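For reference, the structure discussed in these notes is given below.
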Amino acid sequence: AARHPRGVAARAARLPARRVAAAVRAAREDSPSGDDDDELARRAEMTYADLPSVPGGSVLDCSRAFTVDIPPAIVADALPDRGVLQYVRLPAEEYNVLDSSAVQRIDVGTFRVNAGTQKILMWEIEPVGTLRIVPTDNGCEQILLGAVMNDVKARRTGKESVVIRAMNASLKDLTMRNAVSAVAGASGTEGTAIRCQIDVAGTFTEGPFAAAGSQRLCAMLDWCLRSVLPWFLEQLAADYADWASGRARGKRTVNVTQVAGEILAGGKGQLPPGVAESAVERR
């Protein structure tokens with residue numbers, strides 16, 4: 001467990017989760033002015049990971065679906081064999097929402113996606129996921145086989161973050177399915193819209209997901225899906241327009257912090273043009 005200024009860990013264990021951040025700030029304010037950044041980071045590592053797990057763990061079951069219409073002119077003017085259906089069936093490394101160099105084929109239909117090093121507060125992480133792509137009649141399903149947050153700072157210092165370790169303990173029990181399909185758009189014409197449904201689930205007995213509790217965890221993931229999916233579909237629609245016309249497709253390097261800021265600033269329940277929420281299809 002992480003070490004903290006005297007008495008702070010005991011107080012935090014009795015606090016509701018929403019007050020943990022305040023306890024962290026207090027811990028840092030109490031720190032001697034001569035402490036270096038590593039020492040402050042060590043003392044500040046107090047999150048859900050430090051809270052006692054909810055008995056029985058937490059259960060997550062969350063799904064959201066959205067559809068983006070492709071302008072009729074773009075579909076009509078698409079090059080041969082570059083319809084929406086052909087697009088959603090592209091190999092994972094040919095999607096241009098992420099930098100294609102971050103997608104590595106490791107087996108037939110299986111890919112490793114590396115989001116690169118991200119600086120979040122005092123942590124430096126490298127999110128990596130392994131996906132299996134399963135073709136369907138109208139698109140494909142991207143199934144998460146495993147996810148991990150690599151501790152970038154620990155590679156340099158040899159000091160492992162207890163928070164990142166706790167997050168990985170939760171991530172090992174996470175399942176996710178992303179179904180991307182070509183569907184009828186607002187005009188009713190088949191193959192003129194892209195639909196995306198993400199299902200996230202898991203039963204967590206370790207780490208911050210377990211400590212958060214089912215209700216809080218489901219509410220948090222639901223908010224994330226409602227915020228991120230419309231942005232994701234907007235990126236897909238723009239990339240399809242470039243691909244369908246044969247235009248050069250600029251690389252989109254993702255910075256998690258920057259993207260989160262854009263989603264928070266432009267979201268607030270207002271969907272991008274052409275994007276609409278769809279009914280979830282239960283399996």
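Ordered as shown in the structure tokens, chains take letters A, B, and onward, while each chain numbers its residues from 1 and ligands are numbered from 1 in the order shown.
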At a cut-off of 9 Å, using only C-alpha atoms, what residues contact region 77-85 of chain A? Leave out same-chain residues fewer than 6 positions from it and give the result as a short mmCIF file (atom, residue, chain, number, x, y, z; two decimals) with C-alpha atoms, in the first residue's frame.
data_model
loop_
_atom_site.label_atom_id
_atom_site.label_comp_id
_atom_site.auth_asym_id
_atom_site.auth_seq_id
_atom_site.Cartn_x
_atom_site.Cartn_y
_atom_site.Cartn_z
CA ILE A 70 -23.26 10.03 -44.07
CA ASN A 138 -23.18 -5.70 -41.98
CA GLY A 139 -19.81 -4.78 -40.48
CA SER A 181 -22.19 -1.67 -38.79
CA ALA A 182 -23.52 -0.10 -41.99
CA VAL A 183 -27.22 0.67 -41.57
CA GLY A 191 -25.77 1.59 -46.23
CA THR A 192 -25.91 5.35 -45.72
CA ALA A 193 -25.09 5.50 -42.00
CA ILE A 194 -22.63 4.02 -39.52
CA TYR A 240 -15.05 7.70 -44.38
CA ALA A 241 -15.52 10.84 -46.49
CA TRP A 243 -11.50 7.23 -47.84
CA ALA A 244 -14.55 7.10 -50.12
CA SER A 245 -13.23 9.91 -52.32
CA GLY A 246 -9.65 8.69 -52.43
#
Practice task
Tell me which protein, DNA and RNA residues are within 6 Å of region 106-110 of chain A, counting only C-alpha atoms, leaving out same-chain ones fewer than 3 positions away, and put them as a list in words.
Solution key: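 Listed by chain and then number, they are Leu131, Arg132 and Ile133 of chain A.
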Against region 218-229 of chain A, which residues of region 60-147 of chain A fall within 10 Å? For each one I want the closest pair of atoms and the distance in Å (one decimal), counting only C-alpha atoms, rows by chain and increasing residue number, as a Markdown table.
| residue | atom | partner | partner_atom | distance |
| --- | --- | --- | --- | --- |
| A:Leu60 | CA | A:Cys218 | CA | 5.6 |
| A:Asp61 | CA | A:Cys218 | CA | 6.7 |
| A:Cys62 | CA | A:Asp222 | CA | 6.2 |
| A:Ser63 | CA | A:Asp222 | CA | 7.3 |
| A:Arg64 | CA | A:Leu225 | CA | 6.4 |
| A:Ala65 | CA | A:Leu229 | CA | 7.7 |
| A:Phe66 | CA | A:Leu229 | CA | 6.8 |
| A:Thr67 | CA | A:Leu229 | CA | 9.2 |
Store the residues picked out above, limited to N, CA and C atoms, as an mmCIF file, in the first residue's frame.
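Below is the file result_39.cif, written as the result:
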data_model
loop_
_atom_site.group_PDB
_atom_site.id
_atom_site.type_symbol
_atom_site.label_atom_id
_atom_site.label_comp_id
_atom_site.auth_asym_id
_atom_site.auth_seq_id
_atom_site.Cartn_x
_atom_site.Cartn_y
_atom_site.Cartn_z
ATOM 1 N N LEU A 60 -20.720 -4.475 -13.375
ATOM 2 C CA LEU A 60 -20.884 -3.473 -14.425
ATOM 3 C C LEU A 60 -21.599 -4.100 -15.615
ATOM 4 N N ASP A 61 -22.621 -3.425 -16.104
ATOM 5 C CA ASP A 61 -23.338 -3.863 -17.307
ATOM 6 C C ASP A 61 -23.910 -2.610 -17.963
ATOM 7 N N CYS A 62 -23.235 -2.117 -18.989
ATOM 8 C CA CYS A 62 -23.591 -0.835 -19.571
ATOM 9 C C CYS A 62 -23.473 -0.904 -21.090
ATOM 10 N N SER A 63 -24.490 -0.409 -21.795
ATOM 11 C CA SER A 63 -24.488 -0.405 -23.258
ATOM 12 C C SER A 63 -25.055 0.909 -23.768
ATOM 13 N N ARG A 64 -24.486 1.401 -24.854
ATOM 14 C CA ARG A 64 -25.003 2.589 -25.533
ATOM 15 C C ARG A 64 -24.789 2.411 -27.029
ATOM 16 N N ALA A 65 -25.674 3.008 -27.835
ATOM 17 C CA ALA A 65 -25.554 2.914 -29.284
ATOM 18 C C ALA A 65 -25.898 4.260 -29.915
ATOM 19 N N PHE A 66 -25.138 4.623 -30.933
ATOM 20 C CA PHE A 66 -25.379 5.857 -31.676
ATOM 21 C C PHE A 66 -25.178 5.579 -33.164
ATOM 22 N N THR A 67 -25.784 6.418 -33.995
ATOM 23 C CA THR A 67 -25.680 6.300 -35.448
ATOM 24 C C THR A 67 -25.314 7.668 -36.026
#
Near-region 150-155 of chain A list (9 Å; only C-alpha atoms; drop same-chain fewer than 5 positions) as a PDB file with all heavy atoms, in the first residue's frame:
ATOM      1  N   THR A 117       2.095   7.159 -24.843  1.00  0.00           N
ATOM      2  CA  THR A 117       2.276   7.663 -23.485  1.00  0.00           C
ATOM      3  C   THR A 117       1.377   8.867 -23.231  1.00  0.00           C
ATOM      4  O   THR A 117       1.330   9.795 -24.027  1.00  0.00           O
ATOM      5  CB  THR A 117       3.737   8.056 -23.248  1.00  0.00           C
ATOM      6  OG1 THR A 117       4.569   6.905 -23.433  1.00  0.00           O
ATOM      7  CG2 THR A 117       3.932   8.590 -21.832  1.00  0.00           C
ATOM      8  N   GLN A 118       0.647   8.819 -22.125  1.00  0.00           N
ATOM      9  CA  GLN A 118      -0.253   9.898 -21.738  1.00  0.00           C
ATOM     10  C   GLN A 118       0.114  10.362 -20.334  1.00  0.00           C
ATOM     11  O   GLN A 118       0.354   9.550 -19.451  1.00  0.00           O
ATOM     12  CB  GLN A 118      -1.713   9.422 -21.755  1.00  0.00           C
ATOM     13  CG  GLN A 118      -2.146   8.737 -23.035  1.00  0.00           C
ATOM     14  CD  GLN A 118      -2.184   9.678 -24.216  1.00  0.00           C
ATOM     15  OE1 GLN A 118      -2.359  10.886 -24.063  1.00  0.00           O
ATOM     16  NE2 GLN A 118      -2.015   9.131 -25.414  1.00  0.00           N
ATOM     17  N   TRP A 123       0.695  10.850 -13.017  1.00  0.00           N
ATOM     18  CA  TRP A 123       0.971   9.529 -13.574  1.00  0.00           C
ATOM     19  C   TRP A 123       1.293   9.611 -15.064  1.00  0.00           C
ATOM     20  O   TRP A 123       0.748  10.439 -15.786  1.00  0.00           O
ATOM     21  CB  TRP A 123      -0.217   8.593 -13.360  1.00  0.00           C
ATOM     22  CG  TRP A 123      -0.511   8.368 -11.912  1.00  0.00           C
ATOM     23  CD1 TRP A 123       0.214   7.634 -11.025  1.00  0.00           C
ATOM     24  CD2 TRP A 123      -1.607   8.906 -11.169  1.00  0.00           C
ATOM     25  NE1 TRP A 123      -0.358   7.665  -9.792  1.00  0.00           N
ATOM     26  CE2 TRP A 123      -1.478   8.448  -9.842  1.00  0.00           C
ATOM     27  CE3 TRP A 123      -2.686   9.727 -11.494  1.00  0.00           C
ATOM     28  CZ2 TRP A 123      -2.383   8.789  -8.840  1.00  0.00           C
ATOM     29  CZ3 TRP A 123      -3.597  10.068 -10.499  1.00  0.00           C
ATOM     30  CH2 TRP A 123      -3.433   9.593  -9.189  1.00  0.00           C
ATOM     31  N   GLU A 124       2.168   8.743 -15.497  1.00  0.00           N
ATOM     32  CA  GLU A 124       2.469   8.590 -16.916  1.00  0.00           C
ATOM     33  C   GLU A 124       2.088   7.162 -17.296  1.00  0.00           C
ATOM     34  O   GLU A 124       2.681   6.207 -16.783  1.00  0.00           O
ATOM     35  CB  GLU A 124       3.952   8.831 -17.195  1.00  0.00           C
ATOM     36  CG  GLU A 124       4.399  10.270 -16.984  1.00  0.00           C
ATOM     37  CD  GLU A 124       5.891  10.434 -17.247  1.00  0.00           C
ATOM     38  OE1 GLU A 124       6.343  10.103 -18.350  1.00  0.00           O
ATOM     39  OE2 GLU A 124       6.603  10.877 -16.322  1.00  0.00           O
ATOM     40  N   ILE A 125       1.105   7.042 -18.171  1.00  0.00           N
ATOM     41  CA  ILE A 125       0.603   5.714 -18.519  1.00  0.00           C
ATOM     42  C   ILE A 125       0.661   5.496 -20.025  1.00  0.00           C
ATOM     43  O   ILE A 125       0.709   6.435 -20.807  1.00  0.00           O
ATOM     44  CB  ILE A 125      -0.841   5.497 -18.028  1.00  0.00           C
ATOM     45  CG1 ILE A 125      -1.790   6.493 -18.715  1.00  0.00           C
ATOM     46  CG2 ILE A 125      -0.927   5.601 -16.519  1.00  0.00           C
ATOM     47  CD1 ILE A 125      -3.248   6.224 -18.460  1.00  0.00           C
ATOM     48  N   GLU A 126       0.665   4.230 -20.392  1.00  0.00           N
ATOM     49  CA  GLU A 126       0.637   3.821 -21.793  1.00  0.00           C
ATOM     50  C   GLU A 126      -0.480   2.779 -21.926  1.00  0.00           C
ATOM     51  O   GLU A 126      -0.266   1.595 -21.681  1.00  0.00           O
ATOM     52  CB  GLU A 126       1.985   3.226 -22.193  1.00  0.00           C
ATOM     53  CG  GLU A 126       2.052   2.783 -23.643  1.00  0.00           C
ATOM     54  CD  GLU A 126       3.357   2.056 -23.933  1.00  0.00           C
ATOM     55  OE1 GLU A 126       3.688   1.097 -23.187  1.00  0.00           O
ATOM     56  OE2 GLU A 126       4.045   2.462 -24.875  1.00  0.00           O
ATOM     57  N   PRO A 127      -1.695   3.207 -22.311  1.00  0.00           N
ATOM     58  CA  PRO A 127      -2.795   2.251 -22.443  1.00  0.00           C
ATOM     59  C   PRO A 127      -2.582   1.334 -23.652  1.00  0.00           C
ATOM     60  O   PRO A 127      -2.304   1.804 -24.755  1.00  0.00           O
ATOM     61  CB  PRO A 127      -4.024   3.148 -22.658  1.00  0.00           C
ATOM     62  CG  PRO A 127      -3.602   4.516 -22.229  1.00  0.00           C
ATOM     63  CD  PRO A 127      -2.145   4.591 -22.529  1.00  0.00           C
ATOM     64  N   VAL A 128      -2.718   0.037 -23.435  1.00  0.00           N
ATOM     65  CA  VAL A 128      -2.554  -0.948 -24.509  1.00  0.00           C
ATOM     66  C   VAL A 128      -3.713  -1.934 -24.428  1.00  0.00           C
ATOM     67  O   VAL A 128      -4.029  -2.458 -23.357  1.00  0.00           O
ATOM     68  CB  VAL A 128      -1.213  -1.700 -24.382  1.00  0.00           C
ATOM     69  CG1 VAL A 128      -1.089  -2.742 -25.496  1.00  0.00           C
ATOM     70  CG2 VAL A 128      -0.047  -0.722 -24.434  1.00  0.00           C
ATOM     71  N   GLU A 160       7.105   1.441  -8.764  1.00  0.00           N
ATOM     72  CA  GLU A 160       5.799   1.135  -9.312  1.00  0.00           C
ATOM     73  C   GLU A 160       4.708   1.933  -8.619  1.00  0.00           C
ATOM     74  O   GLU A 160       4.704   2.086  -7.399  1.00  0.00           O
ATOM     75  CB  GLU A 160       5.508  -0.358  -9.156  1.00  0.00           C
ATOM     76  CG  GLU A 160       4.175  -0.791  -9.763  1.00  0.00           C
ATOM     77  CD  GLU A 160       3.862  -2.251  -9.483  1.00  0.00           C
ATOM     78  OE1 GLU A 160       4.457  -2.787  -8.528  1.00  0.00           O
ATOM     79  OE2 GLU A 160       3.022  -2.827 -10.204  1.00  0.00           O
ATOM     80  N   SER A 161       3.766   2.469  -9.400  1.00  0.00           N
ATOM     81  CA  SER A 161       2.631   3.197  -8.854  1.00  0.00           C
ATOM     82  C   SER A 161       1.584   2.221  -8.335  1.00  0.00           C
ATOM     83  O   SER A 161       1.118   1.343  -9.069  1.00  0.00           O
ATOM     84  CB  SER A 161       2.005   4.098  -9.925  1.00  0.00           C
ATOM     85  OG  SER A 161       0.728   4.533  -9.524  1.00  0.00           O
ATOM     86  N   ILE A 164      -1.728   2.664 -10.404  1.00  0.00           N
ATOM     87  CA  ILE A 164      -1.750   1.994 -11.704  1.00  0.00           C
ATOM     88  C   ILE A 164      -1.854   0.485 -11.523  1.00  0.00           C
ATOM     89  O   ILE A 164      -2.564  -0.197 -12.262  1.00  0.00           O
ATOM     90  CB  ILE A 164      -0.504   2.378 -12.527  1.00  0.00           C
ATOM     91  CG1 ILE A 164      -0.535   3.879 -12.832  1.00  0.00           C
ATOM     92  CG2 ILE A 164      -0.435   1.571 -13.820  1.00  0.00           C
ATOM     93  CD1 ILE A 164       0.705   4.387 -13.544  1.00  0.00           C
ATOM     94  N   ARG A 165      -1.166  -0.052 -10.529  1.00  0.00           N
ATOM     95  CA  ARG A 165      -1.260  -1.479 -10.250  1.00  0.00           C
ATOM     96  C   ARG A 165      -2.692  -1.863  -9.890  1.00  0.00           C
ATOM     97  O   ARG A 165      -3.214  -2.890 -10.336  1.00  0.00           O
ATOM     98  CB  ARG A 165      -0.309  -1.867  -9.122  1.00  0.00           C
ATOM     99  CG  ARG A 165      -0.265  -3.382  -8.865  1.00  0.00           C
ATOM    100  CD  ARG A 165       0.774  -3.719  -7.826  1.00  0.00           C
ATOM    101  NE  ARG A 165       0.410  -3.212  -6.509  1.00  0.00           N
ATOM    102  CZ  ARG A 165       1.244  -2.603  -5.682  1.00  0.00           C
ATOM    103  NH1 ARG A 165       2.495  -2.397  -6.040  1.00  0.00           N
ATOM    104  NH2 ARG A 165       0.836  -2.185  -4.502  1.00  0.00           N
ATOM    105  N   ASN A 168      -4.929  -1.870 -12.997  1.00  0.00           N
ATOM    106  CA  ASN A 168      -4.733  -3.083 -13.799  1.00  0.00           C
ATOM    107  C   ASN A 168      -5.417  -4.293 -13.162  1.00  0.00           C
ATOM    108  O   ASN A 168      -5.873  -5.201 -13.872  1.00  0.00           O
ATOM    109  CB  ASN A 168      -3.248  -3.341 -14.006  1.00  0.00           C
ATOM    110  CG  ASN A 168      -2.641  -2.398 -15.032  1.00  0.00           C
ATOM    111  OD1 ASN A 168      -3.301  -1.994 -15.983  1.00  0.00           O
ATOM    112  ND2 ASN A 168      -1.381  -2.041 -14.847  1.00  0.00           N
TER     113      ASN A 168
END
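Atom pair CA of Phe232 (chain A) / CA of Arg89 (chain A): separated by 16.6 Å.
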Handout entry: Picked from region 120-266 of chain A by DSSP as helix (DSSP H, G or I), as a PyMOL selection string
Key = chain A and resi 152-157+162-171+207-212+214-245+256-266
Practice task
Might you pull out every residue within 12 Å of Gln142 (chain A), with only C-alpha atoms counted and same-chain residues fewer than 5 positions away left off, and present them as a list of chain:residue names?
Solution key: A:Val88, A:Arg89, A:Leu90, A:Pro91, A:Ala92, A:Gly109, A:Thr110, A:Phe111, A:Arg112, A:Val113, A:Gly129, A:Thr130, A:Leu131, A:Arg132, A:Ile133, A:Val134, A:Pro135, A:Thr136, A:Thr175, A:Met176, A:Arg177, A:Asn178, A:Ala179, A:Val180, A:Ser181, A:Cys196, A:Gln197, A:Ile198, A:Asp199
Exercise for the section: Give me every strand (DSSP E or B) residue in region 147-238 of chain A, going by DSSP on the backbone, as a list of chain:residue names. Expected result: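 Of region 147-238 of chain A, the ones in strand (DSSP E or B) are A:Ala147, A:Val148, A:Met149, A:Asn150, A:Asp151, A:Thr175, A:Met176, A:Arg177, A:Asn178, A:Ala179, A:Val180, A:Ser181, A:Ala182, A:Val183, A:Ala193, A:Ile194, A:Arg195, A:Cys196, A:Gln197, A:Ile198, A:Asp199, A:Val200, A:Ala201, A:Gly202, A:Thr203, A:Phe204.
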